[in-house]
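Asks: Pasting a structure below so you can have a look.
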Amino acid sequence: MNTKPTTKYVIKYKLNGERRFEFAQLENGSDEQALAALKAIHGESADVISDVKASKAL
Amino acid sequence: MTLDLFADSDLQQPGRLAPIGGQSCVLRGFALPWVERLLPALVEVLVQAPFRQMVTPGGFTMSASLSSCGTLGWTSDRDGYRYTRLDPQSGRPWPQMPEVFRQLAVDAAQTAGFEHFAPDACLINRYVPGAKMSLHQDRNERDLTAPVVSVSLGLPAIFLFGGHARSDKTQRIPLFHGDIVVWGGVDRLRFHGVLPIKQGHHPQLGAERLNFTLRTAG
């Protein structure tokens, strides 16, 4: 079980070139964590995720 | 990492960015994670600069009540529309813009594709049922390259988003608690307004709609 504290982040990104955003609880706002969260949302599809930026949603 | 799309009762749907123009969009629910910090900050602003109903240059009393925070505050009276550094009601500077307001607006602007947004004015509108905002353009700002970021809280509203002429057809866009509209660039001077607010009750705000509109005015 993951017991590390998490914080709510807003992840800004592009999906197939279109601007999108999602909220996710992340341990930190690293690009890797944000991308992993987006892949979990969108699954293993041919969609192209780019321009990923995460910032704290206070 | 925990996905949190449905953790809060207010977060009933995933974040969604809905384009409404070439450089304008609605960010559905974007402000929800910030609401718990926005509302106490708002109370502090309103203690210093309470809501008041302003008069238009034409002599009409606006149905929405207004206040402001930031370096500049928007005012209207028989002499015209303008930004001022002092609250004409108190003679003191407008309250400082709370950091949570600024941060939310900057994040929303970035999400909509506007980097480096630096708001210096936040107009706060309070709508009770029946209050409205007629179609108008935001053109009192000195720098029209910066976007407008408009945060909706409380009762729902129908936002009218038109073209560059008052007579252009308008889109009717429903706005709910936590939604943010951002418009700028080629859409910066599009006419916009709000239809009369319908009767209702919001769990946090009761029978009112609050709207924060952040701009770079100076």
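In the structure tokens, chains take letters A, B, ... by order of appearance, with residues numbered from 1 within each chain and ligands from 1 in the order shown.
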List as a list in words the protein and nucleic acid residues near B:Ala207, meaning an atom at most 12 Å away when only C-alpha atoms are counted, but skip any in the same chain fewer than 4 places from it.
Replies: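 Counting only the stated atoms, we get Arg126, Tyr127, Val128, Pro129, Gly130, Ala131, Leu153, Gly154, Leu155, Pro156, Ile197, Lys198, Gln199, Gly200, His201, His202 and Pro203 of chain B.
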Asks: Could you save those same residues with N, CA, C and O atoms as a PDB file, in the first residue's frame?
Replies:
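Below you can see selection-v7.pdb, which holds the result:
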```pdb
ATOM      1  N   ARG B 126     -21.069  40.119  -7.759  1.00  0.00           N
ATOM      2  CA  ARG B 126     -22.037  39.302  -7.011  1.00  0.00           C
ATOM      3  C   ARG B 126     -23.390  39.433  -7.687  1.00  0.00           C
ATOM      4  O   ARG B 126     -23.920  40.538  -7.824  1.00  0.00           O
ATOM      5  N   TYR B 127     -23.903  38.287  -8.117  1.00  0.00           N
ATOM      6  CA  TYR B 127     -25.205  38.249  -8.782  1.00  0.00           C
ATOM      7  C   TYR B 127     -26.203  37.548  -7.873  1.00  0.00           C
ATOM      8  O   TYR B 127     -25.940  36.416  -7.429  1.00  0.00           O
ATOM      9  N   VAL B 128     -27.321  38.177  -7.602  1.00  0.00           N
ATOM     10  CA  VAL B 128     -28.430  37.494  -6.950  1.00  0.00           C
ATOM     11  C   VAL B 128     -29.427  37.137  -8.054  1.00  0.00           C
ATOM     12  O   VAL B 128     -29.330  37.663  -9.177  1.00  0.00           O
ATOM     13  N   PRO B 129     -30.379  36.242  -7.787  1.00  0.00           N
ATOM     14  CA  PRO B 129     -31.331  35.886  -8.849  1.00  0.00           C
ATOM     15  C   PRO B 129     -31.961  37.126  -9.478  1.00  0.00           C
ATOM     16  O   PRO B 129     -32.389  38.052  -8.769  1.00  0.00           O
ATOM     17  N   GLY B 130     -31.986  37.135 -10.792  1.00  0.00           N
ATOM     18  CA  GLY B 130     -32.504  38.283 -11.535  1.00  0.00           C
ATOM     19  C   GLY B 130     -31.418  39.229 -12.027  1.00  0.00           C
ATOM     20  O   GLY B 130     -31.617  39.959 -12.996  1.00  0.00           O
ATOM     21  N   ALA B 131     -30.248  39.220 -11.369  1.00  0.00           N
ATOM     22  CA  ALA B 131     -29.157  40.111 -11.796  1.00  0.00           C
ATOM     23  C   ALA B 131     -28.551  39.593 -13.101  1.00  0.00           C
ATOM     24  O   ALA B 131     -28.539  38.386 -13.368  1.00  0.00           O
ATOM     25  N   LEU B 153     -18.451  30.956  -9.362  1.00  0.00           N
ATOM     26  CA  LEU B 153     -18.748  30.216  -8.132  1.00  0.00           C
ATOM     27  C   LEU B 153     -20.221  30.402  -7.779  1.00  0.00           C
ATOM     28  O   LEU B 153     -20.800  31.457  -8.032  1.00  0.00           O
ATOM     29  N   GLY B 154     -20.802  29.392  -7.163  1.00  0.00           N
ATOM     30  CA  GLY B 154     -22.181  29.517  -6.690  1.00  0.00           C
ATOM     31  C   GLY B 154     -23.202  29.124  -7.733  1.00  0.00           C
ATOM     32  O   GLY B 154     -22.998  28.183  -8.508  1.00  0.00           O
ATOM     33  N   LEU B 155     -24.294  29.868  -7.783  1.00  0.00           N
ATOM     34  CA  LEU B 155     -25.393  29.536  -8.692  1.00  0.00           C
ATOM     35  C   LEU B 155     -24.917  29.482 -10.148  1.00  0.00           C
ATOM     36  O   LEU B 155     -24.017  30.228 -10.534  1.00  0.00           O
ATOM     37  N   PRO B 156     -25.521  28.625 -10.945  1.00  0.00           N
ATOM     38  CA  PRO B 156     -25.148  28.567 -12.369  1.00  0.00           C
ATOM     39  C   PRO B 156     -25.593  29.823 -13.120  1.00  0.00           C
ATOM     40  O   PRO B 156     -26.452  30.572 -12.649  1.00  0.00           O
ATOM     41  N   ILE B 197     -29.747  35.703 -13.686  1.00  0.00           N
ATOM     42  CA  ILE B 197     -29.527  34.488 -12.890  1.00  0.00           C
ATOM     43  C   ILE B 197     -30.876  33.949 -12.416  1.00  0.00           C
ATOM     44  O   ILE B 197     -31.735  34.704 -11.951  1.00  0.00           O
ATOM     45  N   LYS B 198     -31.032  32.635 -12.532  1.00  0.00           N
ATOM     46  CA  LYS B 198     -32.288  32.017 -12.095  1.00  0.00           C
ATOM     47  C   LYS B 198     -32.267  31.757 -10.581  1.00  0.00           C
ATOM     48  O   LYS B 198     -31.200  31.587  -9.984  1.00  0.00           O
ATOM     49  N   GLN B 199     -33.466  31.700 -10.002  1.00  0.00           N
ATOM     50  CA  GLN B 199     -33.584  31.363  -8.589  1.00  0.00           C
ATOM     51  C   GLN B 199     -32.916  30.025  -8.323  1.00  0.00           C
ATOM     52  O   GLN B 199     -32.971  29.114  -9.155  1.00  0.00           O
ATOM     53  N   GLY B 200     -32.311  29.904  -7.149  1.00  0.00           N
ATOM     54  CA  GLY B 200     -31.695  28.631  -6.808  1.00  0.00           C
ATOM     55  C   GLY B 200     -30.970  28.734  -5.489  1.00  0.00           C
ATOM     56  O   GLY B 200     -30.966  29.798  -4.840  1.00  0.00           O
ATOM     57  N   HIS B 201     -30.383  27.636  -5.085  1.00  0.00           N
ATOM     58  CA  HIS B 201     -29.632  27.612  -3.830  1.00  0.00           C
ATOM     59  C   HIS B 201     -28.375  26.783  -4.038  1.00  0.00           C
ATOM     60  O   HIS B 201     -28.446  25.637  -4.488  1.00  0.00           O
ATOM     61  N   HIS B 202     -27.241  27.370  -3.743  1.00  0.00           N
ATOM     62  CA  HIS B 202     -25.990  26.638  -3.842  1.00  0.00           C
ATOM     63  C   HIS B 202     -25.548  26.221  -2.437  1.00  0.00           C
ATOM     64  O   HIS B 202     -25.628  27.028  -1.510  1.00  0.00           O
ATOM     65  N   PRO B 203     -25.077  24.972  -2.258  1.00  0.00           N
ATOM     66  CA  PRO B 203     -24.737  24.497  -0.915  1.00  0.00           C
ATOM     67  C   PRO B 203     -23.735  25.380  -0.171  1.00  0.00           C
ATOM     68  O   PRO B 203     -23.818  25.525   1.046  1.00  0.00           O
TER      69      PRO B 203
END
```
Asks: Please check the contacts: residues of chain A at most 8 Å away from chain B, using only C-alpha atoms, listed as a PDB file with N, CA, C and O atoms, in the first residue's frame.
Replies:
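As a result, selection_9.pdb now contains:
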```pdb
ATOM      1  N   THR A   6       0.308  12.561  -0.569  1.00  0.00           N
ATOM      2  CA  THR A   6       0.119  13.077  -1.925  1.00  0.00           C
ATOM      3  C   THR A   6      -0.532  14.453  -1.864  1.00  0.00           C
ATOM      4  O   THR A   6      -1.134  14.830  -0.871  1.00  0.00           O
ATOM      5  N   LYS A   8      -2.823  17.346  -4.345  1.00  0.00           N
ATOM      6  CA  LYS A   8      -3.622  17.463  -5.567  1.00  0.00           C
ATOM      7  C   LYS A   8      -2.915  18.385  -6.568  1.00  0.00           C
ATOM      8  O   LYS A   8      -2.563  19.514  -6.234  1.00  0.00           O
ATOM      9  N   LYS A  12      -1.539  19.919 -16.880  1.00  0.00           N
ATOM     10  CA  LYS A  12      -1.874  20.542 -18.162  1.00  0.00           C
ATOM     11  C   LYS A  12      -1.100  19.818 -19.258  1.00  0.00           C
ATOM     12  O   LYS A  12       0.080  19.543 -19.083  1.00  0.00           O
ATOM     13  N   TYR A  13      -1.755  19.527 -20.363  1.00  0.00           N
ATOM     14  CA  TYR A  13      -1.082  18.751 -21.403  1.00  0.00           C
ATOM     15  C   TYR A  13      -1.845  18.899 -22.712  1.00  0.00           C
ATOM     16  O   TYR A  13      -2.918  19.533 -22.761  1.00  0.00           O
ATOM     17  N   ARG A  19      -5.423  21.012 -26.298  1.00  0.00           N
ATOM     18  CA  ARG A  19      -5.172  21.318 -24.891  1.00  0.00           C
ATOM     19  C   ARG A  19      -6.162  20.590 -23.996  1.00  0.00           C
ATOM     20  O   ARG A  19      -7.358  20.561 -24.269  1.00  0.00           O
ATOM     21  N   ARG A  20      -5.650  20.039 -22.893  1.00  0.00           N
ATOM     22  CA  ARG A  20      -6.491  19.329 -21.925  1.00  0.00           C
ATOM     23  C   ARG A  20      -5.954  19.596 -20.523  1.00  0.00           C
ATOM     24  O   ARG A  20      -4.839  20.090 -20.353  1.00  0.00           O
ATOM     25  N   PHE A  21      -6.733  19.235 -19.518  1.00  0.00           N
ATOM     26  CA  PHE A  21      -6.214  19.214 -18.158  1.00  0.00           C
ATOM     27  C   PHE A  21      -6.924  18.136 -17.370  1.00  0.00           C
ATOM     28  O   PHE A  21      -8.045  17.745 -17.691  1.00  0.00           O
ATOM     29  N   GLU A  22      -6.260  17.660 -16.335  1.00  0.00           N
ATOM     30  CA  GLU A  22      -6.840  16.680 -15.408  1.00  0.00           C
ATOM     31  C   GLU A  22      -6.319  16.980 -14.011  1.00  0.00           C
ATOM     32  O   GLU A  22      -5.256  17.587 -13.849  1.00  0.00           O
ATOM     33  N   PHE A  23      -7.045  16.539 -13.008  1.00  0.00           N
ATOM     34  CA  PHE A  23      -6.552  16.591 -11.631  1.00  0.00           C
ATOM     35  C   PHE A  23      -6.069  15.208 -11.225  1.00  0.00           C
ATOM     36  O   PHE A  23      -6.649  14.192 -11.620  1.00  0.00           O
ATOM     37  N   ALA A  24      -5.043  15.180 -10.396  1.00  0.00           N
ATOM     38  CA  ALA A  24      -4.565  13.900  -9.867  1.00  0.00           C
ATOM     39  C   ALA A  24      -3.823  14.147  -8.561  1.00  0.00           C
ATOM     40  O   ALA A  24      -3.233  15.214  -8.360  1.00  0.00           O
ATOM     41  N   GLN A  25      -3.889  13.163  -7.679  1.00  0.00           N
ATOM     42  CA  GLN A  25      -3.087  13.205  -6.447  1.00  0.00           C
ATOM     43  C   GLN A  25      -1.712  12.634  -6.776  1.00  0.00           C
ATOM     44  O   GLN A  25      -1.605  11.482  -7.190  1.00  0.00           O
ATOM     45  N   LEU A  26      -0.693  13.428  -6.612  1.00  0.00           N
ATOM     46  CA  LEU A  26       0.673  12.988  -6.918  1.00  0.00           C
ATOM     47  C   LEU A  26       1.556  13.193  -5.696  1.00  0.00           C
ATOM     48  O   LEU A  26       1.289  14.076  -4.860  1.00  0.00           O
ATOM     49  N   GLU A  27       2.600  12.391  -5.616  1.00  0.00           N
ATOM     50  CA  GLU A  27       3.563  12.587  -4.527  1.00  0.00           C
ATOM     51  C   GLU A  27       4.389  13.832  -4.769  1.00  0.00           C
ATOM     52  O   GLU A  27       4.775  14.534  -3.847  1.00  0.00           O
ATOM     53  N   GLN A  33       5.769  11.523 -13.013  1.00  0.00           N
ATOM     54  CA  GLN A  33       4.530  11.176 -12.305  1.00  0.00           C
ATOM     55  C   GLN A  33       3.305  11.677 -13.061  1.00  0.00           C
ATOM     56  O   GLN A  33       2.287  10.992 -13.140  1.00  0.00           O
ATOM     57  N   ALA A  37       0.306   9.416 -14.621  1.00  0.00           N
ATOM     58  CA  ALA A  37      -1.114   9.627 -14.296  1.00  0.00           C
ATOM     59  C   ALA A  37      -1.942   9.752 -15.568  1.00  0.00           C
ATOM     60  O   ALA A  37      -3.035   9.182 -15.676  1.00  0.00           O
ATOM     61  N   SER A  55       1.141  21.421 -11.806  1.00  0.00           N
ATOM     62  CA  SER A  55       1.322  22.412 -10.743  1.00  0.00           C
ATOM     63  C   SER A  55       0.311  22.126  -9.647  1.00  0.00           C
ATOM     64  O   SER A  55      -0.743  21.538  -9.893  1.00  0.00           O
ATOM     65  N   ALA A  57      -2.603  22.185  -7.189  1.00  0.00           N
ATOM     66  CA  ALA A  57      -3.938  22.773  -7.119  1.00  0.00           C
ATOM     67  C   ALA A  57      -4.252  22.933  -5.645  1.00  0.00           C
ATOM     68  O   ALA A  57      -4.565  21.972  -4.971  1.00  0.00           O
ATOM     69  N   LEU A  58      -4.129  24.118  -5.149  1.00  0.00           N
ATOM     70  CA  LEU A  58      -4.185  24.329  -3.694  1.00  0.00           C
ATOM     71  C   LEU A  58      -5.571  24.091  -3.133  1.00  0.00           C
ATOM     72  O   LEU A  58      -6.537  24.388  -3.777  1.00  0.00           O
TER      73      LEU A  58
END
```
Asks: Can you check which residues of chain A DSSP gives as helix (DSSP H, G or I) on the backbone and send them as number ranges by chain?
Replies: A: 31-42
Asks: Could you please write out, as an MDAnalysis selection string, every residue of stretch 4-168 of chain B that DSSP assigns to strand (DSSP E)?
Replies: chainID B and resid 16:21 24:28 65:70 73:77 80:84 121:127 133:136 148:154 157:161
Asks: Applying 12 Å and only C-alpha atoms, which residues near B:Phe114 remain after dropping the ones on its own chain fewer than 2 positions away? List them as a list in words.
Replies: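 Residues near the query, excluding close chain neighbours: Arg19 of chain A; Gln23, Ser24, Cys25, Ala105, Val106, Asp107, Ala108, Ala109, Gln110, Thr111, Ala112, His116, Phe117, Ala118, Thr145, Ala146, Pro147, Val148, Val149, Val182, Trp183, Gly184, Gly185 and Arg188 of chain B.
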Asks: Which neighbours of stretch 72-82 of chain B fall inside 7 Å, counting only C-alpha atoms, when residues of the same chain fewer than 4 positions from it are skipped, and could you give them as a list in words?
Replies: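 Once the nearby chain positions are removed, what remains is Met54, Val55, Thr56, Pro57, Gly58, Gly59, Ser68, Trp94, Asp120, Ala121, Cys122, Leu123 and Asn140 of chain B.
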Asks: Convert the current residue selection to file output with C-alpha atoms, as a PDB file, in the first residue's frame.
Replies:
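Dumped to out_18.pdb:
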```
ATOM      1  CA  MET B  54     -22.379  51.073  -9.391  1.00  0.00           C
ATOM      2  CA  VAL B  55     -24.020  53.451 -11.823  1.00  0.00           C
ATOM      3  CA  THR B  56     -23.271  53.385 -15.532  1.00  0.00           C
ATOM      4  CA  PRO B  57     -22.381  56.543 -17.469  1.00  0.00           C
ATOM      5  CA  GLY B  58     -25.925  56.392 -18.828  1.00  0.00           C
ATOM      6  CA  GLY B  59     -27.362  56.631 -15.324  1.00  0.00           C
ATOM      7  CA  SER B  68     -12.272  44.776  -6.571  1.00  0.00           C
ATOM      8  CA  TRP B  94      -8.056  48.515  -3.212  1.00  0.00           C
ATOM      9  CA  ASP B 120      -3.074  43.312 -11.583  1.00  0.00           C
ATOM     10  CA  ALA B 121      -6.859  43.732 -11.297  1.00  0.00           C
ATOM     11  CA  CYS B 122      -9.565  41.425 -10.036  1.00  0.00           C
ATOM     12  CA  LEU B 123     -13.165  42.539 -10.389  1.00  0.00           C
ATOM     13  CA  ASN B 140     -10.583  49.609 -20.441  1.00  0.00           C
TER      14      ASN B 140
END
```
Asks: Pick out the residues sitting within 7 Å of A:Leu15, and hand them over as a VMD selection string; count only C-alpha atoms, and ignore anything fewer than 3 positions along from it in its own chain.
Replies: chain A and resid 18 to 20 47 to 50
Asks: How far is it from atom CA of B:Gly163 to atom CA of B:Phe191, in Å with one decimal?
Replies: 5.7 Å
